[in-house]
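Chemist: Below are the structure tokens for one structure; questions will follow.
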Amino acid sequence: MDRQEKIVSMFNDIAPTYDRANRVLSMGVDTFWRRKACDLAYGYCRSLALDSIVDVACGTGDMMGYWKRRAEKAGIRVGEIVGVDPSEGMVGVGREKFPDMSFCIASATELPKPDSSADIISISYGIRNVVERQVGLCEFNRVLKPGGLVVILEFMKNENPSLLGKVRDFYMNNVLPRLGGMISNNYEAYRYLPDSIEGFLTVAKMRAELEEAGFEILYTKSFSMDISTLIIARKK
């Protein structure tokens with residue numbers, strides 16, 4: 001089993017408890033991050049009528065729900081919201097939560113969408129798990145319309161943490177794996193999270209990879225002691 005397959009298998013295992021663990025481990029603040037990402041992205045849209053939003057690594061569909069609700073609040077019409085994820089376990093939970101939405105079992109590197117068909121592609125806390133990340137970013141570029149947006153929420157590596165950043169790192173490395181392991185009965189999966197952050201990119205390197213894949217950076221900000229970072233970029 002290669003690394004990508006192991007990651008998918010891990011998410012299949014924790015799918016039944018994933019939503020509960022997320023709310024506990026983030027203390028509910030992830031809902032703020034998601035709302036903020038949707039609201040800002042809609043502000044950058046050039047039209048109040050969008051054909052398609054594709055949420056990659058959609059998991060159980062949380063971000064899809066936010067795209068729908070925040071569009072209604074902003075007066076934006078969205079033709080379709082499609083979730084894409086390689087984990088059948090996670091998508092199974094998503095389909096139960098959002099029976100009126102569309103889901104596809106597929107990877108970030110092979111999106112089942114035509115060229116230049118999506119207005120927005122989002123990926124929340126999933127770009128770390130894409131082993132062939134640059135292939136995935138180029139695939140996002142292929143599927144987006146000219147001027148379309150890619151919206152990334154992620155836990156980025158912090159090379160020079162502040163005092164608050166050190167508090168964050170202590171929580172992520174010592175508290176989160178134990179709590180997540182208790183909730184899911186899978187300590188290894190929640191040990192993977194801080195390990196994957198440590199092995200991931202800094203914000204500057206993530207921005208550089210996006211630019212290399214043909215995107216113009218519009219917005220970058222880290223929230224909540226730099227725990228979560230939002231990047232919004234436009235296809236050139």
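How things are named: the first chain in the structure tokens is A, the next is B, and so on; residues count from 1 in each chain; ligands count from 1 in the order shown.
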Write out, as a Markdown table, each residue of region 102-154 of chain A that has an atom at most 12 Å from region 14-35 of chain A, together with the closest pair of atoms and their distance in Å to one decimal, counting only C-alpha atoms, rows going by chain and rising number.
Modeler:
| residue | atom | partner | partner_atom | distance |
| --- | --- | --- | --- | --- |
| A:Ser122 | CA | A:Arg34 | CA | 10.5 |
| A:Ile123 | CA | A:Arg34 | CA | 10.7 |
| A:Ser124 | CA | A:Arg34 | CA | 8.3 |
| A:Tyr125 | CA | A:Asp30 | CA | 10.5 |
| A:Val151 | CA | A:Arg34 | CA | 10.4 |
| A:Ile152 | CA | A:Arg34 | CA | 10.2 |
| A:Leu153 | CA | A:Trp33 | CA | 7.9 |
| A:Glu154 | CA | A:Trp33 | CA | 10.0 |
Chemist: List as a list of chain:residue names the protein and nucleic acid residues near Gly147 (chain A), meaning an atom at most 8 Å away when only C-alpha atoms are counted, but skip any in the same chain fewer than 4 places from it.
Modeler: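 That gives A:Asp119, A:Arg234, A:Lys235, A:Lys236.
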Chemist: Tell me which protein, DNA and RNA residues are within 8 Å of Ala118 (chain A), counting only C-alpha atoms, leaving out same-chain ones fewer than 6 positions away, and put them as a list in words.
Modeler: Asp51, Ser52, Ile53, Val54, Val143, Leu144, Lys145 and Gly148 of chain A
Chemist: Quick one: pick out all helix (DSSP H, G or I) residues within region 55-140 of chain A from a backbone DSSP run and write them as a PyMOL selection string.
Modeler: chain A and resi 62-74+88-97+127-129+133-140
Chemist: Give me a file of those residues, with C-alpha atoms, as a PDB file, in the first residue's frame.
Modeler:
ATOM      1  CA  ASP A  62     -19.015  20.290   6.004  1.00  0.00           C
ATOM      2  CA  MET A  63     -17.559  22.898   3.644  1.00  0.00           C
ATOM      3  CA  MET A  64     -20.224  22.140   1.042  1.00  0.00           C
ATOM      4  CA  GLY A  65     -22.867  23.048   3.596  1.00  0.00           C
ATOM      5  CA  TYR A  66     -21.127  26.336   4.301  1.00  0.00           C
ATOM      6  CA  TRP A  67     -20.837  27.170   0.590  1.00  0.00           C
ATOM      7  CA  LYS A  68     -24.589  26.680   0.243  1.00  0.00           C
ATOM      8  CA  ARG A  69     -25.646  28.615   3.352  1.00  0.00           C
ATOM      9  CA  ARG A  70     -23.263  31.530   2.835  1.00  0.00           C
ATOM     10  CA  ALA A  71     -24.316  31.833  -0.829  1.00  0.00           C
ATOM     11  CA  GLU A  72     -27.919  32.197   0.288  1.00  0.00           C
ATOM     12  CA  LYS A  73     -26.880  34.869   2.793  1.00  0.00           C
ATOM     13  CA  ALA A  74     -24.867  36.751   0.136  1.00  0.00           C
ATOM     14  CA  GLU A  88     -15.680   6.060   0.554  1.00  0.00           C
ATOM     15  CA  GLY A  89     -16.177   6.106   4.327  1.00  0.00           C
ATOM     16  CA  MET A  90     -16.106   9.888   4.547  1.00  0.00           C
ATOM     17  CA  VAL A  91     -18.292  10.362   1.475  1.00  0.00           C
ATOM     18  CA  GLY A  92     -20.784   7.855   2.881  1.00  0.00           C
ATOM     19  CA  VAL A  93     -21.246  10.044   5.957  1.00  0.00           C
ATOM     20  CA  GLY A  94     -21.471  13.130   3.726  1.00  0.00           C
ATOM     21  CA  ARG A  95     -24.232  11.638   1.614  1.00  0.00           C
ATOM     22  CA  GLU A  96     -26.285  10.960   4.741  1.00  0.00           C
ATOM     23  CA  LYS A  97     -25.784  14.529   5.975  1.00  0.00           C
ATOM     24  CA  ILE A 127      -4.010  19.727   0.616  1.00  0.00           C
ATOM     25  CA  ARG A 128      -1.526  18.240   3.137  1.00  0.00           C
ATOM     26  CA  ASN A 129      -2.917  14.822   2.284  1.00  0.00           C
ATOM     27  CA  ARG A 133       0.389  18.170  -4.572  1.00  0.00           C
ATOM     28  CA  GLN A 134       1.711  20.030  -7.620  1.00  0.00           C
ATOM     29  CA  VAL A 135      -0.210  17.659  -9.904  1.00  0.00           C
ATOM     30  CA  GLY A 136      -3.312  18.448  -7.862  1.00  0.00           C
ATOM     31  CA  LEU A 137      -2.824  22.219  -8.119  1.00  0.00           C
ATOM     32  CA  CYS A 138      -2.425  21.955 -11.889  1.00  0.00           C
ATOM     33  CA  GLU A 139      -5.613  19.877 -11.971  1.00  0.00           C
ATOM     34  CA  PHE A 140      -7.422  22.644 -10.073  1.00  0.00           C
TER      35      PHE A 140
END
Chemist: Leaving out Ile7 (chain A) and any residue of its chain fewer than 5 positions from it, which residues lie within 9 Å of it when counting only C-alpha atoms, given as a list in words?
Modeler: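 Neighbouring residues, sequence-local ones excluded: Asp2, Asn12, Asn129 and Ala189 of chain A.
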Chemist: Taking N, CA and C atoms for each residue, export the selection above as a PDB file, in the first residue's frame.
Modeler:
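To be explicit, this is the file written out as selection.pdb:
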ATOM      1  N   ASP A   2       0.691   2.163  -0.979  1.00  0.00           N
ATOM      2  CA  ASP A   2       1.519   3.364  -1.020  1.00  0.00           C
ATOM      3  C   ASP A   2       0.992   4.400  -0.024  1.00  0.00           C
ATOM      4  N   ASN A  12     -10.992   6.418   6.035  1.00  0.00           N
ATOM      5  CA  ASN A  12     -12.103   5.456   6.064  1.00  0.00           C
ATOM      6  C   ASN A  12     -12.356   4.974   7.491  1.00  0.00           C
ATOM      7  N   ASN A 129      -2.748  16.256   2.507  1.00  0.00           N
ATOM      8  CA  ASN A 129      -2.917  14.822   2.284  1.00  0.00           C
ATOM      9  C   ASN A 129      -2.811  14.428   0.814  1.00  0.00           C
ATOM     10  N   ALA A 189      -4.226   7.885  13.814  1.00  0.00           N
ATOM     11  CA  ALA A 189      -4.779   8.856  12.866  1.00  0.00           C
ATOM     12  C   ALA A 189      -4.581  10.283  13.361  1.00  0.00           C
TER      13      ALA A 189
END
Chemist: Quick check, in Å to one decimal: how far apart do CA of Pro99 (chain A) and CA of Ser117 (chain A) lie?
Modeler: 23.1 Å
Chemist: Which neighbours of Lys6 (chain A) fall inside 12 Å, counting only C-alpha atoms, when residues of the same chain fewer than 3 positions from it are skipped, and could you give them as a PyMOL selection string?
Modeler: chain A and resi 1-3+9-13+86-87+129-131+188-189+192
Chemist: Could those selected residues go to a file with N, CA and C atoms, as a short mmCIF file (atom, residue, chain, number, x, y, z; two decimals), in the first residue's frame?
Modeler:
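out09.cif was written with the following content:
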data_model
loop_
_atom_site.label_atom_id
_atom_site.label_comp_id
_atom_site.auth_asym_id
_atom_site.auth_seq_id
_atom_site.Cartn_x
_atom_site.Cartn_y
_atom_site.Cartn_z
N MET A 1 0.85 -1.20 0.00
CA MET A 1 0.00 0.00 0.00
C MET A 1 0.88 1.25 0.00
N ASP A 2 0.69 2.16 -0.98
CA ASP A 2 1.52 3.36 -1.02
C ASP A 2 0.99 4.40 -0.02
N ARG A 3 1.72 5.52 0.08
CA ARG A 3 1.39 6.52 1.09
C ARG A 3 -0.01 7.09 0.90
N SER A 9 -7.11 5.08 3.60
CA SER A 9 -7.55 4.02 4.51
C SER A 9 -7.75 4.56 5.92
N MET A 10 -6.86 5.43 6.36
CA MET A 10 -6.97 6.04 7.68
C MET A 10 -8.27 6.84 7.80
N PHE A 11 -8.60 7.62 6.76
CA PHE A 11 -9.83 8.40 6.82
C PHE A 11 -11.07 7.52 6.75
N ASN A 12 -10.99 6.42 6.04
CA ASN A 12 -12.10 5.46 6.06
C ASN A 12 -12.36 4.97 7.49
N ASP A 13 -11.29 4.72 8.23
CA ASP A 13 -11.40 4.18 9.59
C ASP A 13 -12.04 5.18 10.56
N PRO A 86 -11.47 10.79 -2.09
CA PRO A 86 -11.15 9.40 -2.38
C PRO A 86 -11.61 8.41 -1.31
N SER A 87 -12.07 8.92 -0.15
CA SER A 87 -12.48 8.05 0.95
C SER A 87 -13.96 7.72 0.88
N ASN A 129 -2.75 16.26 2.51
CA ASN A 129 -2.92 14.82 2.28
C ASN A 129 -2.81 14.43 0.81
N VAL A 130 -2.56 15.41 -0.05
CA VAL A 130 -2.38 15.13 -1.47
C VAL A 130 -0.88 14.90 -1.70
N VAL A 131 -0.50 13.67 -1.91
CA VAL A 131 0.91 13.33 -2.03
C VAL A 131 1.52 14.03 -3.25
N GLU A 188 -3.35 6.63 16.17
CA GLU A 188 -2.41 6.81 15.06
C GLU A 188 -2.90 7.87 14.07
N ALA A 189 -4.23 7.89 13.81
CA ALA A 189 -4.78 8.86 12.87
C ALA A 189 -4.58 10.28 13.36
N TYR A 192 -1.04 11.43 13.30
CA TYR A 192 -0.68 11.80 11.92
C TYR A 192 -0.85 13.29 11.69
#
Chemist: Assign secondary structure with DSSP using the backbone only, and return the residues of region 1-188 of chain A in strand (DSSP E or B) as a PyMOL selection string.
Modeler: chain A and resi 49-56+77-85+102-105+118-124+144-154
Chemist: Considering only C-alpha atoms, return as a ChimeraX atom specification whatever protein or nucleic-acid residues lie within 9 Å of Asn158 (chain A), sequence-local ones (same chain, fewer than 4 positions apart) excluded.
Modeler: /A:165,197-198,201-203,226
